[in-house]
Amino acid sequence: MATLVKDVSLKQEATKNFLQQKHVEYLSSYGKDKNDYEYCMTEYLRLSGIFWGLTALDLLHSKNRLCEADIVEFVVSCQKECGGFGPSPRHDDSILYTLSAIQVLCTYDKLDKIDVNKAVEYIGKLQNEDGSFSGDKWNEIDTRFSFCAVASLSLLGRLWDNCPINHEKCVLFILSCMNFDGGFGCRPCSESHSGQIYCCVGALAILGELHHVDANLLGWWLCERQLPSGGLNGRPEKLPDVCYSWWVLSTLQILGKLNWIDNEGLKLFILASQDDETGGIADRPGDIVDPFHTLFGIAGLSLLGEPDLKQVNPVFCMSQSIIDKLNIKIQILPSQ
Amino acid sequence: MHGRLKVKTTAEQQEEKRKERQKKLKIFQNASNTAFEKIVSKTYDAEGMEITKLLLAANSDYSSMWNYRKNAFLHLKTLKNEDEMKSMFDNELQFIESCLRNNPKSYGCWHHRCFVMLHMMKPNWERELQLCDLFLQFDERNFHCWDYRRFVTNHSNVPHEKEIEVTNKIIASNFSNYSSWHYRSKLLPQVYPDPTDSKRIEEKKLLEELELVQNAFFTDPNDQSAWFYHRWLLGRGDKEQYIVSLIVNRSPPSVFCCLRKPVKMFNGTLSVDDTTQTVDWTSSMSERYSHLWFCKLEDGFKKGQQHTVSCEVESSKLSCCLEENCQKATVCLPINREMFQDHTSQAKLSVLEDELNSCNELNDLEPGNKWVMLTLVLLMRAVSPKQHSEKISTMLDALTEIDSQRKRYYLDLRSKYAIEDCIVETNLNENRLNISGMKLTQICHLELVPTLTHLNISHNCLQNLTVPFANLFCLEVLEANDNKITNISGLKDVPNLKSINLDSNDISDVKQFEYLKTCRCLEKLSIRSNPVCESEKQFPTTFLLHFQ
């Protein structure tokens, strides 16, 4: 029966092997040319870019391909007087890059290089009366920022002891963003979107409040993201995109419903999105690669059990070994 | 970063592009340097405004530049008069709109627009609503625009009814409707709230809405959004808290209270023979939120006497009779269908039955449409689960073929229904539940049957016993043979478990049995015909001794 479904089709000759070594080369050489156009134009998100590249290499057992000292120095230079981090030294602070900074330093076990107390203080000040979080002093509110706050504090070891935020209000705000389909949006009344869902479910998992989520209903909405091509989209009637292999898949893992999608089909979609010339992974087959999609494709493959990759933590998108070392326990619903 | 097709170009074309880009880059970087100088020195002048405009036109996600402009406006507001500010803000709105035309999904653009509107002396909200109409025409699924629209309507007191009408129009034009149905799901409960649940719609309106969505999916059975919305209309709101069961022990005197919804702290009122007791409830599970709560009774029970023990929380009360010669008493709330689905009024039942008939017709006209089939399952379940139980199973089995990517979803749903049907039919006061031979792929609802002493889950398709069996506080015998079990992590800390049958499963890792060490009453364990049995060396003597 023909259905008019927005999707892509995988070519017969699409890559079916995981091009491990090619990705290592792609990621380690990204950013080496400081005059590269794309690289320069993305200065406004540099810290996050570093997180994506470093984490992808770590999952590929190759984080030693980057210069730790240079990166740590760069991260430190991004911390501002207020305690928050900008994406690059000159740029304004935001909770988004504060999380990226913390993730990168945890990967290198170098949290002691920054002013942790000031960072904690910065995050605490961003919580509003209703429990929501602003991205920065300009007061944009978004559940992404709730996730950034909770995940940051968790990694800094300041979520339970000496915590600057109100857990209960934080949870209430997140729940106020729950929708008819079991999903979550940016703000109360915002439409459900896989990225926001990952942020909300991730935050609740860190806080141990997953019982508020209707796992059956949301799990169903999430497994309906899988399209005939095997790829996952972010919400109904949208094209598949490799980054949703992460946002959707990790949420399914947290909810214990990873087996509600066709794992093999998704794997083939991610593999087909690799570039067998340059290495790296794109949003979908045939498109231009970038570190963002490379990380999320690799992280997705790790969740799917790719044996040559390190095990990834579904909440933090960092290798599980780092999370274990930090002694962080998150709530995951049993997978049957 | 999204949707950029890799196009093969010649070396010449590549070099040409590289040169052009280097030119662009140089301009961009020089401008950035100047801009950052002005940011640091807090210089809010015409040059700064001009440069940041250029930068943002090239990259509307360049947050620091939007921030500069915000700072500039705040600064200028202290210097300029109202007319000058109005002119500046109007120009800014025009500029933002031009950025939005190129980047309708830029968080920075939309937020900056909010900033401008909030700082204008006389903001024109009507014009903003028109802007939203325009951008929603470009892309009805642009959630940034929808969120901005809600910002506008909130600030200008646009009545919800008007917005409902907007969604009517969009839905009627039959194109990519999910955002509109979603908006309705928020608007309708505000205008027509269900008296028992403010997030749901009152019945009369709900029935109208069912008709509306039915028209939508009959017109276009492949429009997903209508099916999703329909599922919500069929569904239920928040579950109430219930005390599911009480377990009373005479000596030492204690009470276990089992709740339907897990809580962090339990403040239930406990009475013995109508006298309220002062008790300290502690959780019996290691998770932060628990279904199972325990308290000791200071005064204890009188030997050889009958006592009535009651527990009350919210609007739920359960009482238990500890008889004269008994050491223990348990009482279980009879689990009826309402535990699993809403009570359906006659009016609603009538509408759903009509819908069921129409969907059956649609299924005949368009066989193999998974949305129709799943909705038929949900409707049959809502109308008469017992009467339709075989049809429901058959339909779900068919769905595993038609929509094989989601096979496991349908099998798990089938299992859930089978377990619910069995629980409803079982007299739980006999403390035995038999859900064997039902092709189960999952176990659920254990927290509703905590007084079970015997549970039979044998001859199913279970792979992982990972749900917390510790909820089955009274369980003594577990029959789990003839499944595909590899993982038994859920069997830890089951305090009264004496006998487990795990014959004919797929356990290959001897470490799995470590979990059973926390079942302190375990006397009998049968694990014949598991891969782990193949190697005798796998069983260290200490392991065997523990179970003697």
# chains A, B, ... in the order shown; residues from 1 in each chain; ligands from 1

$ interface_residues --of "chain A" --to "chain B" --cutoff "7 Å" --atoms "only C-alpha atoms" --output "VMD selection string"
chain A and resid 3 37 44 90 to 92 140 180 to 181 189 to 191 223 259 to 262 283 286 to 288 290 334 to 336

$ atom_distance --atom1 "CA of Glu209 (chain A)" --atom2 "CA of Gly83 (chain A)"
28.3 Å

$ closest_residue --among "A:Leu227, A:Leu309, A:Cys170, A:Cys177" --to "Leu19 (chain A)" --atoms "only C-alpha atoms"
A:Leu309

$ residues_around --residues "Gln346 (chain B)" --least-positions-apart "5" --cutoff "12 Å" --atoms "only C-alpha atoms" --output "short mmCIF file (atom, residue, chain, number, x, y, z; two decimals) with all heavy atoms, in the first residue's frame"
data_model
loop_
_atom_site.label_atom_id
_atom_site.label_comp_id
_atom_site.auth_asym_id
_atom_site.auth_seq_id
_atom_site.Cartn_x
_atom_site.Cartn_y
_atom_site.Cartn_z
N GLU B 203 -16.69 16.52 28.65
CA GLU B 203 -17.22 15.48 27.78
C GLU B 203 -17.95 15.95 26.52
O GLU B 203 -17.70 15.44 25.43
CB GLU B 203 -18.13 14.51 28.57
CG GLU B 203 -18.71 13.46 27.63
CD GLU B 203 -18.93 12.14 28.30
OE1 GLU B 203 -17.99 11.64 28.95
OE2 GLU B 203 -20.04 11.61 28.17
N LEU B 207 -16.70 14.89 22.79
CA LEU B 207 -17.41 14.12 21.78
C LEU B 207 -17.44 14.85 20.43
O LEU B 207 -17.31 14.24 19.37
CB LEU B 207 -18.82 13.78 22.26
CG LEU B 207 -18.88 12.94 23.53
CD1 LEU B 207 -20.32 12.58 23.91
CD2 LEU B 207 -18.07 11.65 23.38
N VAL B 351 -20.75 7.09 20.92
CA VAL B 351 -19.88 7.70 19.90
C VAL B 351 -18.76 6.74 19.50
O VAL B 351 -18.46 6.57 18.31
CB VAL B 351 -19.28 9.03 20.42
CG1 VAL B 351 -18.19 9.53 19.51
CG2 VAL B 351 -20.38 10.08 20.58
N LEU B 352 -18.17 6.09 20.51
CA LEU B 352 -17.07 5.19 20.21
C LEU B 352 -17.52 3.96 19.41
O LEU B 352 -16.78 3.48 18.55
CB LEU B 352 -16.37 4.76 21.51
CG LEU B 352 -15.67 5.87 22.29
CD1 LEU B 352 -14.98 5.31 23.53
CD2 LEU B 352 -14.67 6.62 21.43
N GLU B 353 -18.70 3.50 19.71
CA GLU B 353 -19.21 2.34 18.95
C GLU B 353 -19.41 2.71 17.48
O GLU B 353 -19.08 1.94 16.59
CB GLU B 353 -20.51 1.84 19.57
CG GLU B 353 -20.26 0.88 20.72
CD GLU B 353 -21.49 0.62 21.58
OE1 GLU B 353 -22.48 1.37 21.46
OE2 GLU B 353 -21.44 -0.32 22.39
N VAL B 383 -14.21 0.20 24.13
CA VAL B 383 -15.64 -0.12 24.08
C VAL B 383 -15.97 -1.39 24.87
O VAL B 383 -16.82 -1.39 25.75
CB VAL B 383 -16.11 -0.24 22.61
CG1 VAL B 383 -17.47 -0.89 22.52
CG2 VAL B 383 -16.13 1.13 21.95
#

$ residues_around --residues "region 263-277 of chain A" --least-positions-apart "2" --cutoff "9 Å" --atoms "only C-alpha atoms" --output "PyMOL selection string"
(chain A and resi 10-11+13-19+22-23+226+228-232+241-242+245+258-261+279-289+294+297-298+300-301+304) or (chain B and resi 405)

$ residues_around --residues "His155 (chain B)" --least-positions-apart "4" --cutoff "10 Å" --atoms "only C-alpha atoms" --output "JSON, numbers by chain"
{"B": [117, 118, 123, 125, 149, 150, 151]}

$ residues_around --residues "region 136-138 of chain A" --least-positions-apart "4" --cutoff "7 Å" --atoms "only C-alpha atoms" --output "list in words"
Asp93, Ser94, Ile95 and Leu126 of chain A

$ select_by_dssp --residues "region 54-189 of chain A" --states "alpha helix (DSSP H)" --output "ChimeraX atom specification"
/A:54-59,68-77,95-107,116-125,143-155,167-175

$ residues_around --residues "Leu478 (chain B)" --least-positions-apart "4" --cutoff "8 Å" --atoms "only C-alpha atoms" --output "CSV table (one decimal) with C-alpha atoms, in the first residue's frame"
chain,number,residue,atom,x,y,z
B,454,HIS,CA,2.5,-17.5,43.8
B,455,LEU,CA,3.2,-16.1,40.3
B,456,ASN,CA,3.3,-18.2,37.1
B,457,ILE,CA,4.9,-16.5,34.1
B,497,LEU,CA,11.0,-15.8,47.6
B,499,SER,CA,11.3,-21.3,45.1
B,500,ILE,CA,12.2,-20.3,41.6
B,501,ASN,CA,11.8,-22.4,38.4

$ atom_distance --atom1 "CA of Arg113 (chain B)" --atom2 "CA of Ile171 (chain B)"
27.6 Å

$ atom_distance --atom1 "CA of Ile201 (chain B)" --atom2 "CA of Ser350 (chain B)"
17.8 Å
